[in-house]
file data-v3.txt (compact mmCIF, C-alpha atoms)
# COMPACT_ATOMS: atom_id res chain seq x y z
CA MET V 1 -2.03 9.26 -7.12
CA ALA V 2 -1.77 5.98 -9.01
CA MET V 3 -3.43 2.94 -7.47
CA LYS V 4 -1.08 0.15 -6.39
CA ILE V 5 -0.68 -3.45 -7.49
CA ILE V 6 1.04 -5.19 -4.58
CA ILE V 7 2.92 -8.46 -5.01
CA LEU V 8 4.69 -10.65 -2.45
CA GLU V 9 7.20 -12.66 -4.49
CA ASP V 10 10.88 -13.32 -3.80
CA ASN V 11 11.90 -15.04 -7.03
CA GLU V 12 13.56 -12.61 -9.44
CA GLU V 13 12.54 -14.49 -12.59
CA ARG V 14 8.92 -14.60 -11.48
CA ARG V 15 9.02 -10.91 -10.62
CA ALA V 16 10.38 -10.03 -14.06
CA ALA V 17 7.70 -12.08 -15.80
CA MET V 18 4.97 -10.52 -13.67
CA ARG V 19 6.27 -7.03 -14.31
CA ARG V 20 6.27 -7.62 -18.07
CA CYS V 21 2.59 -8.61 -17.93
CA LEU V 22 1.61 -5.65 -15.77
CA ASP V 23 3.61 -3.11 -17.79
CA ASP V 24 1.83 -4.24 -20.92
CA ARG V 25 -1.79 -4.03 -19.76
CA PHE V 26 -1.81 -2.13 -16.46
CA TYR V 27 0.93 0.39 -17.21
CA GLN V 28 -0.97 3.18 -15.45
CA TYR V 29 -0.78 1.50 -12.03
CA GLU V 30 2.20 1.30 -9.70
CA ALA V 31 3.43 -2.27 -9.29
CA ARG V 32 5.23 -2.78 -5.96
CA PHE V 33 7.10 -6.01 -5.23
CA PHE V 34 8.10 -7.26 -1.77
CA ASP V 35 10.17 -10.21 -0.59
CA ASP V 36 9.45 -9.78 3.12
CA ALA V 37 6.06 -10.16 4.77
CA ALA V 38 6.72 -7.65 7.57
CA GLU V 39 7.88 -4.99 5.10
CA LEU V 40 4.75 -5.57 3.03
CA ILE V 41 2.51 -5.30 6.07
CA ASP V 42 4.17 -2.01 7.02
CA TYR V 43 3.56 -0.73 3.49
CA LEU V 44 -0.08 -1.83 3.56
CA ARG V 45 -0.67 0.00 6.84
CA ALA V 46 -0.06 3.24 4.94
CA ASN V 47 -1.28 2.35 1.47
CA LEU V 48 -4.02 -0.27 1.69
CA ASN V 49 -6.77 2.12 0.64
CA ASP V 50 -4.89 2.91 -2.57
CA THR V 51 -4.45 -0.74 -3.48
CA LEU V 52 -6.14 -2.26 -6.53
CA VAL V 53 -5.12 -5.89 -6.04
CA ILE V 54 -2.73 -7.91 -3.87
CA SER V 55 -0.97 -11.08 -5.03
CA LEU V 56 0.63 -13.29 -2.39
CA ASP V 57 3.18 -16.09 -2.52
CA HIS V 58 3.50 -18.15 0.66
CA ASP V 59 7.00 -19.57 1.03
CA LEU V 60 9.82 -17.02 1.04
CA GLU V 61 13.56 -17.75 1.07
CA LEU V 62 15.67 -16.70 4.03
CA LYS V 63 17.30 -13.31 3.43
CA PRO V 64 20.96 -12.50 4.12
CA THR V 65 21.75 -9.44 6.24
CA PRO V 66 24.76 -7.18 5.54
CA THR V 67 26.64 -9.09 8.26
CA GLY V 68 26.00 -12.41 6.58
CA GLU V 69 23.35 -13.69 8.94
CA MET V 70 20.12 -15.10 7.54
CA THR V 71 16.77 -13.61 8.54
CA ASP V 72 13.29 -15.03 8.25
CA PRO V 73 11.14 -12.93 5.88
CA GLY V 74 7.93 -14.54 7.11
CA THR V 75 5.28 -15.98 4.81
CA GLY V 76 2.28 -14.93 2.78
CA ARG V 77 0.15 -16.26 5.62
CA ASP V 78 1.45 -13.44 7.83
CA VAL V 79 0.07 -10.96 5.29
CA ALA V 80 -3.20 -12.83 4.99
CA ASP V 81 -3.59 -12.79 8.77
CA TYR V 82 -2.96 -9.03 8.79
CA LEU V 83 -5.48 -8.42 6.01
CA ALA V 84 -8.06 -10.57 7.80
CA ARG V 85 -7.98 -8.07 10.66
CA THR V 86 -8.87 -5.19 8.34
CA ALA V 87 -11.91 -4.38 6.21
CA PRO V 88 -11.69 -5.78 2.66
CA VAL V 89 -10.63 -3.21 0.09
CA CYS V 90 -9.54 -5.20 -2.97
CA PRO V 91 -9.23 -8.75 -4.33
CA VAL V 92 -6.34 -10.99 -3.26
CA VAL V 93 -4.70 -13.47 -5.64
CA ILE V 94 -2.86 -16.31 -3.90
CA HIS V 95 -0.07 -17.78 -6.04
CA THR V 96 1.87 -20.54 -4.31
CA THR V 97 2.88 -24.13 -4.94
CA ASN V 98 2.29 -24.77 -1.25
CA SER V 99 -1.29 -25.90 -1.77
CA SER V 100 -2.07 -26.59 1.89
CA ALA V 101 -0.86 -23.11 2.82
CA ALA V 102 -2.92 -21.64 -0.01
CA VAL V 103 -6.05 -23.27 1.41
CA GLY V 104 -5.33 -21.77 4.82
CA MET V 105 -4.70 -18.32 3.40
CA GLU V 106 -7.86 -18.46 1.33
CA MET V 107 -9.94 -19.58 4.32
CA VAL V 108 -8.71 -16.86 6.66
CA LEU V 109 -9.28 -14.19 4.01
CA GLN V 110 -12.69 -15.43 2.95
CA ASP V 111 -13.78 -15.68 6.58
CA ALA V 112 -12.97 -11.95 6.77
CA HIS V 113 -14.97 -11.35 3.56
CA TRP V 114 -12.01 -10.71 1.27
CA GLU V 115 -12.46 -11.75 -2.35
CA THR V 116 -9.79 -14.31 -3.27
CA ARG V 117 -8.49 -16.18 -6.30
CA CYS V 118 -5.94 -19.00 -6.27
CA VAL V 119 -3.31 -19.79 -8.87
CA LEU V 120 -1.13 -22.91 -8.73
CA PRO V 121 2.28 -22.19 -10.33
CA CYS V 122 3.36 -24.78 -12.91
CA ASP V 123 5.59 -25.20 -15.99
CA ASP V 124 8.40 -22.93 -14.81
CA LEU V 125 7.16 -19.41 -15.66
CA GLU V 126 4.44 -20.34 -18.14
CA TRP V 127 1.71 -19.89 -15.55
CA ILE V 128 2.48 -16.19 -15.13
CA PRO V 129 1.30 -14.76 -18.50
CA THR V 130 -1.57 -17.28 -18.50
CA GLN V 131 -3.26 -18.31 -15.25
CA TRP V 132 -1.75 -15.66 -13.01
CA PHE V 133 -2.28 -12.72 -15.32
CA GLN V 134 -5.82 -13.86 -16.17
CA SER V 135 -6.57 -13.94 -12.44
CA ILE V 136 -5.04 -10.50 -11.95
CA ARG V 137 -7.03 -9.06 -14.84
CA ARG V 138 -10.25 -10.60 -13.59
CA ALA V 139 -9.55 -9.36 -10.09
CA ILE V 140 -8.99 -5.81 -11.33
CA VAL V 141 -11.63 -5.57 -14.04
CA GLY V 142 -14.44 -7.49 -12.41
CA PRO V 143 -16.66 -8.69 -10.95
CA LEU V 144 -18.33 -5.41 -10.18
CA ARG V 145 -17.88 -3.87 -6.78
CA ARG V 146 -19.72 -0.57 -6.72
CA SER V 147 -18.96 2.26 -4.36
CA VAL V 148 -21.59 4.26 -2.51
CA GLU V 149 -21.85 6.53 -5.53
CA GLY V 150 -22.35 3.48 -7.70
CA ARG V 151 -19.68 4.57 -10.09
CA SER V 152 -16.30 3.35 -8.91
CA LEU V 153 -15.21 -0.26 -9.40
CA MET T 1 -10.15 3.59 -34.07
CA TYR T 2 -9.97 2.44 -30.47
CA ALA T 3 -8.07 -0.23 -28.53
CA GLY T 4 -8.83 -2.13 -25.35
CA ASP T 5 -10.08 -5.55 -24.40
CA LEU T 6 -13.36 -7.27 -23.71
CA THR T 7 -14.80 -10.46 -22.28
CA ILE T 8 -17.78 -12.23 -23.83
CA LYS T 9 -19.64 -14.57 -21.50
CA ASP T 10 -22.84 -16.40 -22.44
CA ASP T 11 -23.01 -14.42 -25.70
CA LYS T 12 -22.97 -11.11 -23.81
CA VAL T 13 -20.21 -8.56 -23.34
CA ALA T 14 -19.36 -8.98 -19.67
CA ASP T 15 -16.65 -6.32 -19.66
CA LEU T 16 -15.32 -3.81 -22.15
CA THR T 17 -12.27 -1.73 -21.27
CA ASN T 18 -9.66 0.68 -22.63
CA LEU T 19 -6.84 -1.54 -21.29
CA SER T 20 -4.14 -1.60 -23.93
CA GLY T 21 -0.50 -1.03 -23.13
CA THR T 22 0.30 -0.47 -26.78
CA PHE T 23 -2.26 2.19 -27.63
CA GLN T 24 -3.11 3.60 -24.20
CA PHE T 25 -6.39 5.22 -25.21
CA ASP T 26 -7.62 7.69 -22.61
CA ASP T 27 -10.94 8.78 -24.00
CA GLU T 28 -14.23 7.88 -22.29
CA ALA T 29 -16.33 8.90 -25.29
CA GLY T 30 -14.38 6.55 -27.53
CA LEU T 31 -15.03 3.61 -25.25
CA ARG T 32 -18.74 4.46 -25.13
CA ALA T 33 -18.71 4.57 -28.93
CA VAL T 34 -17.19 1.08 -29.05
CA ALA T 35 -19.99 -0.18 -26.80
CA GLU T 36 -22.56 1.38 -29.10
CA GLN T 37 -20.92 -0.19 -32.15
CA LEU T 38 -21.07 -3.59 -30.49
CA ARG T 39 -24.77 -3.11 -29.76
CA GLN T 40 -25.39 -2.13 -33.37
CA HIS T 41 -23.75 -5.40 -34.39
CA GLY T 42 -26.26 -7.26 -32.23
CA LEU T 43 -24.19 -7.91 -29.12
CA GLU T 44 -25.73 -7.31 -25.72
CA VAL T 45 -23.46 -5.22 -23.49
CA GLU T 46 -24.31 -5.95 -19.89
CA ILE T 47 -25.08 -3.12 -17.51
CA GLY T 48 -21.87 -2.08 -15.78
CA ALA T 49 -19.69 -3.76 -18.39
CA VAL T 50 -18.13 -0.60 -19.84
CA ARG T 51 -15.20 0.14 -17.55
CA PHE T 52 -12.77 2.97 -18.05
CA PHE T 53 -9.24 2.92 -16.61
CA PRO T 54 -7.84 6.48 -16.39
CA SER T 55 -4.27 6.92 -17.59
CA ASP T 56 -3.30 8.66 -14.34
CA GLY T 57 -3.76 5.38 -12.47
CA SER T 58 -6.72 6.59 -10.45
CA ARG T 59 -9.57 4.27 -9.55
CA PRO T 60 -11.38 2.77 -12.58
CA VAL T 61 -14.95 3.85 -13.27
CA ILE T 62 -18.05 2.26 -14.71
CA LEU T 63 -19.23 4.30 -17.69
CA GLU T 64 -22.42 2.40 -18.44
call {"tool": "encode", "arguments": {"input": "data-v3.txt", "output": "structure tokens"}}
result
Amino acid sequence: MAMKIIILEDNEERRAAMRRCLDDRFYQYEARFFDDAAELIDYLRANLNDTLVISLDHDLELKPTPTGEMTDPGTGRDVADYLARTAPVCPVVIHTTNSSAAVGMEMVLQDAHWETRCVLPCDDLEWIPTQWFQSIRRAIVGPLRRSVEGRSL
Amino acid sequence: MYAGDLTIKDDKVADLTNLSGTFQFDDEAGLRAVAEQLRQHGLEVEIGAVRFFPSDGSRPVILE
């Protein structure tokens, strides 16, 4: 089964740019995008051990229901709080313009011994193939995190 | 011929991989051969730097 690259991001243009980067270099992994924190947490409950890296936005737009009502999709902090209650399994990249929220997410994850990297979005989408993808690559490729057998990354 | 990417840090190869969406090489021996070629050209390849990403999407492995 292919390992998963999990991304919380509700902006379609950002998603498309991220997918282009991942399809080019990490084509062998399954990239899964979410725009709702609760849905992502449900997915992680079943798939966290098959996850290679998680990338989290913080602020998410309200979502319309079929009846026209707006629902709150939560925030990246909800996901960070969930992860902090579990054993670390992979790096987490935090990509949000909400810098104070990013600090909080990083603190709660690091306190729970999760490896984190922060990216501050800038210049429309230019940060995605540069800072964001560099952080994703570094998170996936290294630093080394050996398994008991000393062979798996 | 082989394709992937590498990172050089402090004049040493910190990571060497088969990550290339264009060529998608899936051969551990080829990646080891690249590492050996780099050594023969005088580059130090750090222990644990040679990292192979299987094409089936399974967990990456350290080759050497």
call {"tool": "residues_around", "arguments": {"input": "data-v3.txt", "residues": "stretch 27-35 of chain T", "least_positions_apart": "6", "cutoff": "12 Å", "atoms": "all atoms listed in the file", "output": "PyMOL selection string"}}
result
chain T and resi 1-6+12-19+41-55+60-64
call {"tool": "residues_around", "arguments": {"input": "data-v3.txt", "residues": "stretch 50-61 of chain V", "least_positions_apart": "2", "cutoff": "6 Å", "atoms": "all atoms listed in the file", "output": "list of chain:residue names"}}
result
V:Met3, V:Lys4, V:Ile5, V:Ile6, V:Ile7, V:Leu8, V:Glu9, V:Asn47, V:Leu48, V:Thr75, V:Gly76, V:Cys90, V:Pro91, V:Val92, V:Val93, V:Ile94, V:His95, V:Thr96
call {"tool": "atom_distance", "arguments": {"input": "data-v3.txt", "atom1": "atom CA of V:Glu39", "atom2": "atom CA of V:Met70"}}
result
16.1 Å
call {"tool": "atom_distance", "arguments": {"input": "data-v3.txt", "atom1": "atom CA of V:Ala46", "atom2": "atom CA of T:Gly57"}}
result
17.9 Å
call {"tool": "residues_near_point", "arguments": {"input": "data-v3.txt", "point": "(14.1, -10.0, -5.0)", "cutoff": "10 Å", "atoms": "only C-alpha atoms", "output": "number ranges by chain"}}
result
V: 8-16, 33-36, 61, 63
call {"tool": "atom_distance", "arguments": {"input": "data-v3.txt", "atom1": "atom CA of V:Ser135", "atom2": "atom CA of V:Tyr82"}}
result
22.1 Å
